[in-house]
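Worksheet: one structure, shown below.
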Amino acid sequence: MKTKQDPSVPASKKALSLKTLTKSSVWDVQENDIFRMWDSVDKDSDVRENLRRYTDIIRSAFMIEEVKDEDKDAAKKKYTKQGYKVGQIRLDDQTKITWAIKKRPIMRVTDLTYENIRHISAAKLVEVLDRNFGGGWDSLSQSIQDIIESGFDISTTTLPKDRLHKPGGMYEKKIADGYEVLEVSKGSWVEAIFAKLKPEAEKPRLKFQSERTFDDEEDEDADLPEDNYRNHDEEDDEPEEPMSFDDEDINEDNYRTTFEIETDPDEDAEGLEDYVDD
């Protein structure tokens, strides 16, 4: 019997497992998900052989501390108080270790990366910018701006305080369109930075020659005029004649006219053979 999928959970997250995690998708999961994923693959030989790889992916989004057996109780209390989740990881049939893990916080603009930028909301981005700003959007380094703009539509405007919220102005229109806004005071002027998460672009599917079907080829050939139709599998019997020659390429062996001259029997055609091949 098939179970009905929860529509509130993104399909990409439903399919995530330890072996399908990437440094981008790992930002979609939480601490308890990591322990659950490890439990589901504890007997997988591929995981054992590539332990470092999977651990590195997890570490890109989580802080991990190994809890030693000798101070397990005290350490568990300390890490739990700091917001860590503590649990056991099975490395093989005989080896278990205790991990304290916690999602890396995104507090400063320097915490933003190409991997996590699409995993925060526009409201969260505005909060991060507000915590770090001073000089406005231009005060950010170009590399940070590039990271932010890879995930968000960003636009700015700088106006006097009394004009920024003018009815029908840019501020009002952007808010109506779903943008979050951060206002940065600059004396009697205010810079407004608008941010909205970009829709995820669908990756184009490349159609390779090997993927074409017989029907595809028939459809392509149907669009060709009869004069241009040619079997793709046949080689040309002879190369196409060039449309023109350079003067230096013309000689008595290759010169020919592109039209026929019909002579009048009543006229003297003497000398014509000097110019037209038989």
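By convention here, the chains of the structure tokens are called A, B, ... in the order presented, each chain's residues are numbered starting at 1, and ligands are numbered starting at 1 in the order presented.
The protein and nucleic acid residues lying at most 12 Å from Gly151 of chain A are Leu112, Thr113, Tyr114, Glu115, Asn116, Ile117, Arg118, His119, Ile120, Ser121, Ala122, Leu125, Ile144, Gln145, Asp146, Ile147, Ala195, Lys196, Leu197, Lys198, Pro199, Glu200 and Ala201 of chain A, with only C-alpha atoms considered and sequence neighbours fewer than 4 positions away removed.
Proximity of A:Val128, A:Gly134, A:Glu66, A:Lys43 to Gln94 of chain A, computed with only C-alpha atoms, is greatest for A:Lys43.
Those residues that approach segment 173-187 of chain A to within 8 Å, counting only C-alpha atoms, are A:Ala122, A:Ala123, A:Val126, A:Leu129, A:Asp130, A:Phe133, A:Gly134, A:Gly135, A:Gly136, A:Gly168, A:Gly169, A:Met170, A:Val190, A:Glu191, A:Ala192, A:Ile193, A:Phe194, A:Ala195, A:Lys196; same-chain residues fewer than 3 positions away are not listed.
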Can you spit out the residues from that selection as a compact mmCIF listing (two decimals), in the first residue's frame, using C-alpha atoms?
```txt
# COMPACT_ATOMS: atom_id res chain seq x y z
CA ALA A 122 14.80 37.40 2.45
CA ALA A 123 13.85 38.39 6.01
CA VAL A 126 17.90 41.62 5.79
CA LEU A 129 22.75 42.81 6.51
CA ASP A 130 21.34 44.99 9.29
CA PHE A 133 25.87 47.37 7.69
CA GLY A 134 27.26 50.84 8.09
CA GLY A 135 27.89 52.31 4.68
CA GLY A 136 25.07 50.66 2.73
CA GLY A 168 3.00 55.26 -5.17
CA GLY A 169 6.79 55.41 -5.06
CA MET A 170 9.38 52.66 -5.47
CA VAL A 190 18.07 57.02 3.60
CA GLU A 191 19.31 54.16 1.46
CA ALA A 192 16.68 51.44 0.99
CA ILE A 193 17.97 47.97 0.05
CA PHE A 194 15.24 45.68 -1.32
CA ALA A 195 15.70 41.90 -1.36
CA LYS A 196 13.58 39.08 -2.76
```
Within segment 58-234 of chain A, find each residue whose DSSP state, derived from the backbone, is strand (DSSP E), and express the selection as JSON, numbers by chain.
{"A": [62, 63, 64, 65, 66, 67, 85, 86, 87, 88, 89, 90, 96, 97, 98, 99, 100, 101, 102, 103, 152, 153, 154, 155, 156, 157, 158, 159, 160, 180, 181, 182, 183, 184, 185, 186, 189, 190, 191, 192, 193, 194, 195, 196, 197]}
Name the closest residue to Lys85 of chain A among the candidates A:Lys102, A:Lys124, A:Arg36, A:Lys72; distances are taken between atoms, counting only C-alpha atoms.
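Ranked by minimum distance to Lys85 of chain A, first place goes to A:Lys102.
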When DSSP works through the backbone of this structure, what residues of segment 52-228 of chain A end up as helix (DSSP H, G or I), shown as a PyMOL selection string?
chain A and resi 52-59+69-81+109-111+117-119+122-132+137-139+142-151+161-164+170-176+209-211+214-222+226-228
Under the rule that only C-alpha atoms are counted, which of A:Met63, A:Asp111, A:Trp189, A:Ala100 is the nearest residue to Leu164 of chain A?
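Of all the options, A:Trp189 lies closest to Leu164 of chain A.
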What's around Asp56 of chain A at 12 Å? Count only C-alpha atoms, leave out sequence neighbours fewer than 3 positions away in its own chain, and write the answer as number ranges by chain.
A: 18, 21-23, 26, 50-53, 59-64
Under the rule that only C-alpha atoms are counted, which of A:Asp92, A:Asp69, A:Asp44, A:Glu127 is the nearest residue to Arg108 of chain A?
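When distances to Arg108 of chain A are compared using only C-alpha atoms, the smallest one comes from A:Glu127.
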Pick out the closest residue to Thr110 of chain A from this set: A:Ser141, A:Ser150, A:Tyr171, A:Asp33. Count only C-alpha atoms.
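Going through A:Ser141, A:Ser150, A:Tyr171, A:Asp33 one by one, the smallest distance to Thr110 of chain A is for A:Ser141.
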Distance in Å - atom CA of Thr55 of chain A versus atom CA of Glu149 of chain A
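Pair atom CA of Thr55 of chain A / atom CA of Glu149 of chain A returns 29.1 Å.
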